[in-house]
$ cat input_21.cif   # mmCIF, C-alpha atoms and all ligand atoms
data_entry
#
loop_
_atom_site.label_atom_id
_atom_site.label_comp_id
_atom_site.auth_asym_id
_atom_site.auth_seq_id
_atom_site.Cartn_x
_atom_site.Cartn_y
_atom_site.Cartn_z
CA MET A 1 0.00 0.00 0.00
CA TYR A 2 1.27 3.50 -0.75
CA GLY A 3 0.01 7.06 -0.85
CA THR A 4 0.78 9.68 -3.46
CA VAL A 5 1.23 13.24 -2.23
CA VAL A 6 -1.75 15.36 -3.30
CA ARG A 7 -0.83 18.56 -1.47
CA THR A 8 1.21 19.85 1.47
CA GLU A 9 0.77 22.77 3.82
CA HIS A 10 2.86 24.32 6.61
CA LEU A 11 0.44 24.43 9.60
CA THR A 12 3.13 26.02 11.79
CA PRO A 13 6.89 26.52 11.35
CA HIS A 14 7.44 22.99 12.78
CA LEU A 15 4.41 21.11 11.50
CA VAL A 16 3.82 20.13 7.87
CA ARG A 17 0.53 18.62 6.74
CA VAL A 18 0.82 16.07 3.94
CA VAL A 19 -2.32 14.81 2.20
CA LEU A 20 -1.87 11.46 0.47
CA GLY A 21 -4.23 9.95 -2.08
CA GLY A 22 -4.34 7.87 -5.23
CA ASP A 23 -4.91 4.25 -6.28
CA GLY A 24 -2.20 2.98 -3.91
CA LEU A 25 -4.68 3.56 -1.05
CA ALA A 26 -7.47 1.51 -2.66
CA ASP A 27 -7.17 -1.24 -0.02
CA PHE A 28 -6.89 1.06 2.99
CA ARG A 29 -9.55 0.26 5.60
CA ASP A 30 -11.20 2.78 7.93
CA PRO A 31 -9.07 3.44 11.03
CA GLU A 32 -10.71 2.06 14.17
CA PHE A 33 -9.26 4.40 16.82
CA ALA A 34 -8.77 8.14 17.26
CA ASP A 35 -5.01 7.54 17.62
CA SER A 36 -4.73 5.14 14.68
CA TYR A 37 -1.38 5.25 12.93
CA VAL A 38 0.40 3.84 9.93
CA ASN A 39 3.90 2.50 9.54
CA ALA A 40 5.52 4.60 6.83
CA PHE A 41 8.73 3.63 5.04
CA PHE A 42 11.22 6.36 4.10
CA LEU A 43 13.83 5.61 1.51
CA PRO A 44 17.47 6.66 1.81
CA PRO A 45 18.76 8.92 -0.96
CA ASP A 46 19.82 6.95 -4.05
CA ALA A 47 17.88 3.87 -2.91
CA GLY A 48 17.31 3.10 -6.59
CA TYR A 49 13.65 2.08 -6.21
CA GLN A 50 10.39 3.71 -5.15
CA PRO A 51 6.96 2.69 -3.81
CA PRO A 52 5.27 0.35 -4.29
CA PHE A 53 7.86 -2.24 -3.34
CA GLU A 54 7.74 -5.65 -1.63
CA ASP A 55 8.76 -5.30 2.04
CA GLU A 56 10.29 -8.78 1.87
CA ALA A 57 12.46 -7.87 -1.09
CA THR A 58 14.14 -4.98 0.79
CA ARG A 59 15.19 -7.07 3.81
CA ASP A 60 18.33 -8.47 2.18
CA LEU A 61 19.53 -5.15 0.79
CA PRO A 62 22.58 -3.42 2.34
CA ARG A 63 21.59 -1.13 5.28
CA ASP A 64 22.13 2.03 3.22
CA GLN A 65 19.47 0.93 0.71
CA ARG A 66 16.81 -0.35 3.10
CA PRO A 67 13.77 1.80 4.00
CA TYR A 68 13.56 3.47 7.42
CA PRO A 69 10.23 2.66 9.13
CA ARG A 70 8.49 5.35 11.19
CA ARG A 71 5.05 5.53 12.80
CA TYR A 72 2.70 8.40 11.98
CA THR A 73 -0.79 9.14 13.26
CA ILE A 74 -3.56 9.32 10.71
CA ARG A 75 -4.82 12.82 11.43
CA SER A 76 -7.83 12.09 9.26
CA TRP A 77 -9.03 9.68 6.60
CA ASP A 78 -11.60 10.61 3.98
CA GLY A 79 -12.81 7.29 2.59
CA GLU A 80 -14.93 8.89 -0.15
CA ARG A 81 -12.10 10.95 -1.58
CA ARG A 82 -9.60 8.29 -0.53
CA GLU A 83 -7.37 10.89 1.15
CA MET A 84 -5.19 10.40 4.23
CA THR A 85 -3.89 13.41 6.15
CA ILE A 86 -0.70 13.15 8.20
CA ASP A 87 0.86 16.01 10.19
CA PHE A 88 4.66 15.71 10.40
CA VAL A 89 6.90 17.45 12.89
CA VAL A 90 9.79 18.90 10.90
CA HIS A 91 12.94 19.56 12.85
CA GLY A 92 15.34 20.97 10.28
CA GLU A 93 17.26 18.81 7.84
CA VAL A 94 17.20 16.01 10.39
CA GLY A 95 15.54 12.60 10.30
CA TYR A 96 14.43 10.60 7.26
CA ALA A 97 10.75 11.23 7.94
CA GLY A 98 10.96 14.90 8.91
CA ARG A 99 13.14 15.71 5.89
CA TRP A 100 10.84 13.77 3.56
CA ALA A 101 7.84 15.81 4.75
CA LEU A 102 9.74 19.08 4.52
CA HIS A 103 10.53 18.45 0.84
CA ALA A 104 7.43 16.45 -0.17
CA ARG A 105 5.87 17.54 -3.46
CA PRO A 106 2.68 16.44 -5.27
CA GLY A 107 3.33 13.12 -6.99
CA ASP A 108 5.86 11.85 -4.41
CA ARG A 109 5.00 8.42 -3.03
CA LEU A 110 5.13 6.99 0.49
CA GLN A 111 4.92 3.27 1.24
CA LEU A 112 2.55 2.49 4.12
CA ARG A 113 1.39 -0.39 6.29
CA GLY A 114 -1.54 -0.38 8.72
CA PRO A 115 -3.59 1.02 10.28
CA ALA A 116 -3.15 0.10 13.96
CA GLY A 117 -4.05 1.99 17.12
CA ASP A 118 -5.25 1.72 20.71
CA TYR A 119 -7.09 4.73 22.02
CA SER A 120 -10.31 6.62 21.52
CA PRO A 121 -11.78 8.77 24.29
CA PRO A 122 -14.09 6.36 26.17
CA THR A 123 -17.73 7.39 25.97
CA ASP A 124 -18.28 6.53 29.65
CA ALA A 125 -15.47 8.75 31.06
CA ASP A 126 -16.56 11.79 33.10
CA GLY A 127 -13.59 13.76 31.82
CA VAL A 128 -10.68 13.42 29.41
CA LEU A 129 -7.11 14.72 29.80
CA LEU A 130 -4.81 14.79 26.76
CA VAL A 131 -1.11 15.63 27.06
CA GLY A 132 1.76 15.67 24.56
CA ASP A 133 4.09 17.55 22.26
CA GLU A 134 3.64 18.24 18.51
CA SER A 135 4.25 14.56 17.65
CA ALA A 136 1.07 13.73 19.61
CA LEU A 137 -0.84 16.80 18.44
CA PRO A 138 -2.41 14.93 15.48
CA ALA A 139 -3.68 12.23 17.85
CA ILE A 140 -4.86 14.80 20.42
CA ALA A 141 -6.64 16.81 17.70
CA ALA A 142 -8.36 13.63 16.45
CA CYS A 143 -9.29 12.62 20.02
CA VAL A 144 -10.95 15.93 20.86
CA GLU A 145 -13.02 15.67 17.67
CA HIS A 146 -14.30 12.30 19.00
CA LEU A 147 -15.48 13.68 22.37
CA GLY A 148 -19.15 13.51 23.32
CA GLN A 149 -21.11 16.78 23.28
CA GLY A 150 -20.11 18.81 26.33
CA THR A 151 -17.68 16.22 27.78
CA PRO A 152 -15.26 18.06 30.09
CA ALA A 153 -11.77 17.82 28.60
CA GLN A 154 -8.33 19.35 29.10
CA ALA A 155 -5.48 19.37 26.57
CA VAL A 156 -1.92 20.39 27.47
CA ILE A 157 0.32 20.67 24.43
CA GLU A 158 4.03 21.47 24.22
CA VAL A 159 5.15 23.51 21.19
CA GLU A 160 8.26 25.56 20.45
CA ASP A 161 6.66 29.00 20.94
CA ALA A 162 3.46 30.94 20.21
CA ALA A 163 3.89 30.39 16.45
CA GLY A 164 3.51 26.64 17.06
CA GLU A 165 0.00 26.89 18.51
CA VAL A 166 -2.92 25.57 16.47
CA GLU A 167 -6.66 25.77 16.99
CA LEU A 168 -8.47 22.61 18.08
CA SER A 169 -12.15 22.07 17.50
CA SER A 170 -14.26 19.77 19.61
CA PRO A 171 -17.88 19.09 20.55
CA GLY A 172 -16.58 18.66 24.12
CA ASP A 173 -16.14 21.32 26.76
CA LEU A 174 -12.44 21.71 26.00
CA ASP A 175 -9.80 23.72 27.89
CA VAL A 176 -6.58 23.89 25.81
CA ARG A 177 -3.26 25.06 27.26
CA PHE A 178 -0.04 25.41 25.30
CA VAL A 179 3.38 25.39 26.92
CA HIS A 180 6.46 26.72 25.14
CA ARG A 181 9.82 24.97 24.95
CA ALA A 182 11.38 28.37 24.31
CA ASP A 183 10.51 29.27 27.93
CA ALA A 184 12.43 26.33 29.43
CA ALA A 185 15.69 27.47 31.03
CA ASP A 186 17.46 24.11 30.69
CA GLU A 187 17.03 20.43 29.83
CA GLU A 188 15.52 19.61 33.22
CA ALA A 189 12.95 22.41 32.95
CA LEU A 190 12.16 21.21 29.41
CA THR A 191 11.44 17.71 30.66
CA ARG A 192 9.14 19.12 33.37
CA LEU A 193 7.21 21.56 31.14
CA LEU A 194 4.19 19.34 30.48
CA ALA A 195 4.14 17.80 33.95
CA ASP A 196 4.23 21.21 35.65
CA ALA A 197 1.37 22.42 33.43
CA VAL A 198 -0.65 19.30 34.31
CA ARG A 199 -0.08 19.87 38.03
CA ALA A 200 -1.38 23.45 37.60
CA LEU A 201 -4.68 22.35 36.00
CA PRO A 202 -7.96 22.44 37.88
CA ARG A 203 -9.07 18.89 38.70
CA LEU A 204 -11.61 17.11 36.51
CA ASP A 205 -14.37 15.33 38.44
CA GLY A 206 -15.22 11.63 38.35
CA VAL A 207 -13.55 8.97 36.21
CA VAL A 208 -10.87 10.63 34.09
CA SER A 209 -9.36 9.04 30.98
CA ALA A 210 -5.84 10.30 30.25
CA PHE A 211 -3.89 10.12 26.98
CA VAL A 212 -0.21 10.96 27.46
CA HIS A 213 1.97 10.50 24.38
CA GLY A 214 5.13 12.21 23.09
CA GLU A 215 8.79 12.60 24.08
CA ALA A 216 9.82 9.81 26.44
CA GLU A 217 11.23 11.70 29.45
CA SER A 218 8.49 14.34 29.29
CA ILE A 219 5.71 11.78 29.33
CA ARG A 220 7.43 9.92 32.15
CA ALA A 221 7.27 13.15 34.20
CA VAL A 222 3.58 13.52 33.32
CA GLY A 223 2.92 9.90 34.34
CA HIS A 224 4.43 10.65 37.75
CA ALA A 225 2.37 13.84 38.09
CA LEU A 226 -0.86 11.91 37.35
CA ARG A 227 0.04 9.22 39.86
CA ASP A 228 1.26 11.60 42.62
CA GLU A 229 -1.87 13.72 42.35
CA ALA A 230 -4.27 10.82 41.64
CA ARG A 231 -5.71 12.71 38.67
CA ALA A 232 -6.45 9.49 36.74
CA SER A 233 -6.18 5.92 37.92
CA ARG A 234 -3.58 3.74 36.18
CA GLU A 235 -6.08 1.64 34.24
CA HIS A 236 -7.48 4.80 32.66
CA VAL A 237 -4.11 6.15 31.52
CA SER A 238 -2.80 5.53 27.99
CA ILE A 239 0.88 6.46 28.10
CA SER A 240 3.30 5.98 25.20
CA PRO A 241 6.77 7.36 24.38
CA TYR A 242 6.61 8.24 20.68
CA TRP A 243 10.25 9.38 20.46
CA ARG A 244 13.28 10.13 22.63
CA ARG A 245 15.24 13.37 22.55
CA GLY A 246 18.76 12.82 21.16
CA LEU A 247 18.01 9.36 19.70
CA THR A 248 16.96 8.41 16.19
CA ASP A 249 13.98 6.08 15.91
CA GLU A 250 16.35 3.15 15.25
CA GLN A 251 18.34 3.92 18.42
CA TRP A 252 15.14 4.46 20.41
CA ARG A 253 13.46 1.24 19.31
CA ALA A 254 16.57 -0.70 20.39
CA VAL A 255 16.03 0.33 24.04
CA LYS A 256 12.32 1.21 24.10
CA GLY A 257 11.03 -2.16 25.38
CA ASP A 258 13.15 -2.03 28.57
CA TRP A 259 12.37 1.65 29.05
CA VAL A 260 8.60 1.05 28.81
CA ARG A 261 8.79 -1.88 31.25
CA GLY A 262 10.68 0.38 33.66
CA LEU A 263 8.05 3.09 33.39
CA GLN A 264 5.23 0.61 33.90
CA ALA A 265 6.93 -0.61 37.09
CA GLU A 266 7.40 2.97 38.35
CA LEU A 267 3.75 3.83 37.75
CA ALA A 268 2.27 0.56 39.01
C1 LIG A 301 2.30 5.54 17.34
C2 LIG A 301 3.12 6.77 16.96
C3 LIG A 301 2.53 7.83 16.29
C4 LIG A 301 3.27 8.96 15.92
N1 LIG A 301 2.66 9.98 15.26
C5 LIG A 301 3.37 11.06 14.85
C6 LIG A 301 2.75 12.11 14.11
O1 LIG A 301 1.57 12.07 13.78
N2 LIG A 301 3.53 13.18 13.76
C7 LIG A 301 4.86 13.24 14.09
O2 LIG A 301 5.53 14.22 13.71
N3 LIG A 301 5.48 12.25 14.79
C8 LIG A 301 4.76 11.18 15.17
N4 LIG A 301 5.37 10.16 15.86
C9 LIG A 301 6.80 10.31 16.22
C10 LIG A 301 7.75 9.97 15.05
O3 LIG A 301 7.52 8.64 14.62
C11 LIG A 301 9.19 10.15 15.57
O4 LIG A 301 9.37 11.48 16.01
C12 LIG A 301 10.26 9.79 14.57
O5 LIG A 301 11.46 9.56 15.28
C13 LIG A 301 10.56 10.86 13.53
O6 LIG A 301 11.47 10.32 12.59
P1 LIG A 301 12.57 11.18 11.82
O7 LIG A 301 13.10 10.26 10.75
O8 LIG A 301 12.04 12.50 11.41
O9 LIG A 301 13.71 11.45 12.90
P2 LIG A 301 14.75 10.37 13.52
O10 LIG A 301 15.69 9.90 12.47
O11 LIG A 301 14.01 9.33 14.27
O12 LIG A 301 15.55 11.29 14.56
C14 LIG A 301 16.49 12.29 14.15
C15 LIG A 301 16.68 13.28 15.31
O13 LIG A 301 15.48 14.03 15.47
C16 LIG A 301 14.99 13.92 16.81
N5 LIG A 301 13.51 13.89 16.77
C17 LIG A 301 12.68 12.86 16.46
N6 LIG A 301 11.39 13.23 16.56
C18 LIG A 301 11.39 14.52 16.95
C19 LIG A 301 10.37 15.45 17.24
N7 LIG A 301 9.05 15.13 17.17
N8 LIG A 301 10.73 16.70 17.61
C20 LIG A 301 12.05 17.07 17.71
N9 LIG A 301 13.07 16.21 17.45
C21 LIG A 301 12.74 14.95 17.08
C22 LIG A 301 15.58 12.62 17.34
O14 LIG A 301 15.67 12.59 18.75
C23 LIG A 301 16.94 12.62 16.66
O15 LIG A 301 17.85 13.40 17.39
C24 LIG A 301 4.65 9.03 16.24
C25 LIG A 301 5.27 7.94 16.90
C26 LIG A 301 4.51 6.83 17.25
C27 LIG A 301 5.19 5.67 17.96
#
$ encode --input "input_21.cif" --output "structure tokens" --more "lines below"
Ligand SMILES: Cc1cc2nc3c(=O)[nH]c(=O)nc-3n(C[C@H](O)[C@H](O)[C@H](O)COP(=O)(O)OP(=O)(O)OC[C@H]3O[C@@H](n4cnc5c(N)ncnc54)[C@H](O)[C@@H]3O)c2cc1C
Amino acid sequence: MYGTVVRTEHLTPHLVRVVLGGDGLADFRDPEFADSYVNAFFLPPDAGYQPPFEDEATRDLPRDQRPYPRRYTIRSWDGERREMTIDFVVHGEVGYAGRWALHARPGDRLQLRGPAGDYSPPTDADGVLLVGDESALPAIAACVEHLGQGTPAQAVIEVEDAAGEVELSSPGDLDVRFVHRADAADEEALTRLLADAVRALPRLDGVVSAFVHGEAESIRAVGHALRDEARASREHVSISPYWRRGLTDEQWRAVKGDWVRGLQAELA
């Protein structure tokens, strides 16, 4: 399965929207969850082939010709027009995926597999709390669109600065707060930005469902804040480290399993 770039748009200086379409998406099935994602495969320069390709056939190629897999949230899927929207964080000329999105042009192709996913805001929750950086913003934006009419909800989103803020629309009763990395004095303050903002929120009543996804150390700090303040009980918290500052996705995936087990033990 592959998508062909239909159009792109800079939503903010660090977020590029890419809309994929075309016959390569003919077999794509409706995503089941608000946070559904695809595995996308980014080719190294001079790979010598382009989508569609057989995954199996690339496995025996030398490392510098194999695709780099990355996960990306399906911001939206329009089954009638057969269009998939993905919002990519771009962080300069860094990363196979970020660079691809930065330079994507209509007609470019992206090999995909999926969808998979885990979380939609539960209809029986009394309140919903969504926390993350720009990498989780597509999932948070999709989640708030899925809220029941008037459901109390809070979203805390980390962006670089005021230019990184986007508007979210929701049928819920949504309180959105942005925090700015530019305001963090040092690495430690950066890691605490989201957690400190969560601690400063008014409390939601009743059973609260929390969605906490994004940079690993930041979401760990948020997990601790939720536990320390009993803002959501463990079984109602979806927590997932999408990426790790300073590590490529390959480096991160090599240690992610142990890291996640450690976090689960800390929060148990
Ligand atoms: C289920 C899931 C869904 C995701 N959905 C999205 C999504 O919708 N949009 C999105 O942008 N990302 C999303 N991500 C995160 C994305 O897969 C990673 O950020 C990925 O590492 C980016 O790949 P890259 O090739 O651009 O950079 P890499 O080659 O992996 O890394 C290069 C450098 O960039 C840094 N880096 C990686 N990601 C970021 C970032 N977000 N901000 C700043 N620096 C970074 C790395 O630490 C490293 O130093 C998702 C991850 C998961 C697991």
$ atom_distance --input "input_21.cif" --atom1 "atom O10 of ligand LIG 301 (chain A)" --atom2 "atom CA of A:Gly164"
21.2 Å
$ atom_distance --input "input_21.cif" --atom1 "atom O7 of ligand LIG 301 (chain A)" --atom2 "atom CA of A:Arg99"
7.3 Å
$ residues_near_ligand --input "input_21.cif" --ligand "ligand LIG 301 (chain A)" --cutoff "7 Å" --atoms "all atoms listed in the file" --output "NGL selection string"
:A and (37 or 70-75 or 86-91 or 94-99 or 134-136 or 138-139 or 241-250)
$ closest_residue --input "input_21.cif" --among "A:Ser169, A:Thr12, A:Thr4, A:Gln65" --to "A:Arg109" --atoms "all atoms listed in the file"
A:Thr4
$ residues_near_point --input "input_21.cif" --point "(-12.0, 15.6, 26.0)" --cutoff "9 Å" --atoms "only C-alpha atoms" --output "number ranges by chain"
A: 121, 127-130, 143-148, 150-155, 170-175, 209
$ closest_residue --input "input_21.cif" --among "A:Arg105, A:Leu112, A:Gly79, A:Pro31" --to "A:Pro51" --atoms "all atoms listed in the file"
A:Leu112
$ atom_distance --input "input_21.cif" --atom1 "atom CA of A:Gly24" --atom2 "atom CA of A:Ala104"
17.0 Å
$ closest_residue --input "input_21.cif" --among "A:Phe28, A:Trp252, A:Phe53, A:Trp77" --to "A:Gly114" --atoms "all atoms listed in the file"
A:Phe28
$ residues_near_point --input "input_21.cif" --point "(19.6, 3.4, -4.1)" --cutoff "12 Å" --atoms "all atoms listed in the file" --output "list in words"
Leu43, Pro44, Pro45, Asp46, Ala47, Gly48, Tyr49, Gln50, Thr58, Leu61, Pro62, Arg63, Asp64, Gln65, Arg66 and Pro67 of chain A
$ build_atoms --input "input_21.cif" --residues "stretch 116-138 of chain A" --atoms "N, CA and C atoms" --output "PDB file, in the frame of the given file"
ATOM      1  N   ALA A 116      -3.040   0.694  12.623  1.00  0.00           N
ATOM      2  CA  ALA A 116      -3.150   0.100  13.960  1.00  0.00           C
ATOM      3  C   ALA A 116      -3.426   1.258  14.913  1.00  0.00           C
ATOM      4  N   GLY A 117      -3.781   0.940  16.140  1.00  0.00           N
ATOM      5  CA  GLY A 117      -4.050   1.990  17.120  1.00  0.00           C
ATOM      6  C   GLY A 117      -4.605   1.397  18.387  1.00  0.00           C
ATOM      7  N   ASP A 118      -4.839   2.234  19.393  1.00  0.00           N
ATOM      8  CA  ASP A 118      -5.250   1.720  20.710  1.00  0.00           C
ATOM      9  C   ASP A 118      -6.319   2.556  21.388  1.00  0.00           C
ATOM     10  N   TYR A 119      -6.325   3.851  21.130  1.00  0.00           N
ATOM     11  CA  TYR A 119      -7.090   4.730  22.020  1.00  0.00           C
ATOM     12  C   TYR A 119      -8.113   5.577  21.278  1.00  0.00           C
ATOM     13  N   SER A 120      -9.310   5.606  21.836  1.00  0.00           N
ATOM     14  CA  SER A 120     -10.310   6.620  21.520  1.00  0.00           C
ATOM     15  C   SER A 120     -10.852   7.082  22.857  1.00  0.00           C
ATOM     16  N   PRO A 121     -11.237   8.345  22.998  1.00  0.00           N
ATOM     17  CA  PRO A 121     -11.780   8.770  24.290  1.00  0.00           C
ATOM     18  C   PRO A 121     -12.990   7.910  24.643  1.00  0.00           C
ATOM     19  N   PRO A 122     -12.970   7.239  25.816  1.00  0.00           N
ATOM     20  CA  PRO A 122     -14.090   6.360  26.170  1.00  0.00           C
ATOM     21  C   PRO A 122     -15.372   7.165  26.377  1.00  0.00           C
ATOM     22  N   THR A 123     -16.465   6.645  25.889  1.00  0.00           N
ATOM     23  CA  THR A 123     -17.730   7.390  25.970  1.00  0.00           C
ATOM     24  C   THR A 123     -18.247   7.460  27.408  1.00  0.00           C
ATOM     25  N   ASP A 124     -17.758   6.522  28.277  1.00  0.00           N
ATOM     26  CA  ASP A 124     -18.280   6.530  29.650  1.00  0.00           C
ATOM     27  C   ASP A 124     -17.385   7.296  30.632  1.00  0.00           C
ATOM     28  N   ALA A 125     -16.325   7.972  30.136  1.00  0.00           N
ATOM     29  CA  ALA A 125     -15.470   8.750  31.060  1.00  0.00           C
ATOM     30  C   ALA A 125     -16.192  10.044  31.423  1.00  0.00           C
ATOM     31  N   ASP A 126     -15.976  10.505  32.685  1.00  0.00           N
ATOM     32  CA  ASP A 126     -16.560  11.790  33.100  1.00  0.00           C
ATOM     33  C   ASP A 126     -15.746  12.957  32.567  1.00  0.00           C
ATOM     34  N   GLY A 127     -14.460  12.715  32.336  1.00  0.00           N
ATOM     35  CA  GLY A 127     -13.590  13.760  31.820  1.00  0.00           C
ATOM     36  C   GLY A 127     -12.412  13.148  31.089  1.00  0.00           C
ATOM     37  N   VAL A 128     -11.795  13.927  30.211  1.00  0.00           N
ATOM     38  CA  VAL A 128     -10.680  13.420  29.410  1.00  0.00           C
ATOM     39  C   VAL A 128      -9.532  14.418  29.483  1.00  0.00           C
ATOM     40  N   LEU A 129      -8.311  13.888  29.716  1.00  0.00           N
ATOM     41  CA  LEU A 129      -7.110  14.720  29.800  1.00  0.00           C
ATOM     42  C   LEU A 129      -6.125  14.244  28.744  1.00  0.00           C
ATOM     43  N   LEU A 130      -5.688  15.164  27.875  1.00  0.00           N
ATOM     44  CA  LEU A 130      -4.810  14.790  26.760  1.00  0.00           C
ATOM     45  C   LEU A 130      -3.532  15.613  26.858  1.00  0.00           C
ATOM     46  N   VAL A 131      -2.381  14.935  26.832  1.00  0.00           N
ATOM     47  CA  VAL A 131      -1.110  15.630  27.060  1.00  0.00           C
ATOM     48  C   VAL A 131      -0.067  15.141  26.057  1.00  0.00           C
ATOM     49  N   GLY A 132       0.673  16.084  25.454  1.00  0.00           N
ATOM     50  CA  GLY A 132       1.760  15.670  24.560  1.00  0.00           C
ATOM     51  C   GLY A 132       2.402  16.839  23.859  1.00  0.00           C
ATOM     52  N   ASP A 133       3.450  16.518  23.066  1.00  0.00           N
ATOM     53  CA  ASP A 133       4.090  17.550  22.260  1.00  0.00           C
ATOM     54  C   ASP A 133       3.525  17.492  20.838  1.00  0.00           C
ATOM     55  N   GLU A 134       4.189  18.181  19.876  1.00  0.00           N
ATOM     56  CA  GLU A 134       3.640  18.240  18.510  1.00  0.00           C
ATOM     57  C   GLU A 134       3.499  16.861  17.871  1.00  0.00           C
ATOM     58  N   SER A 135       4.351  15.893  18.271  1.00  0.00           N
ATOM     59  CA  SER A 135       4.250  14.560  17.650  1.00  0.00           C
ATOM     60  C   SER A 135       2.918  13.900  18.026  1.00  0.00           C
ATOM     61  N   ALA A 136       2.355  14.284  19.180  1.00  0.00           N
ATOM     62  CA  ALA A 136       1.070  13.730  19.610  1.00  0.00           C
ATOM     63  C   ALA A 136      -0.097  14.671  19.284  1.00  0.00           C
ATOM     64  N   LEU A 137       0.224  15.847  18.753  1.00  0.00           N
ATOM     65  CA  LEU A 137      -0.840  16.800  18.440  1.00  0.00           C
ATOM     66  C   LEU A 137      -1.860  16.243  17.435  1.00  0.00           C
ATOM     67  N   PRO A 138      -1.408  15.511  16.383  1.00  0.00           N
ATOM     68  CA  PRO A 138      -2.410  14.930  15.480  1.00  0.00           C
ATOM     69  C   PRO A 138      -3.362  13.982  16.207  1.00  0.00           C
TER      70      PRO A 138
END
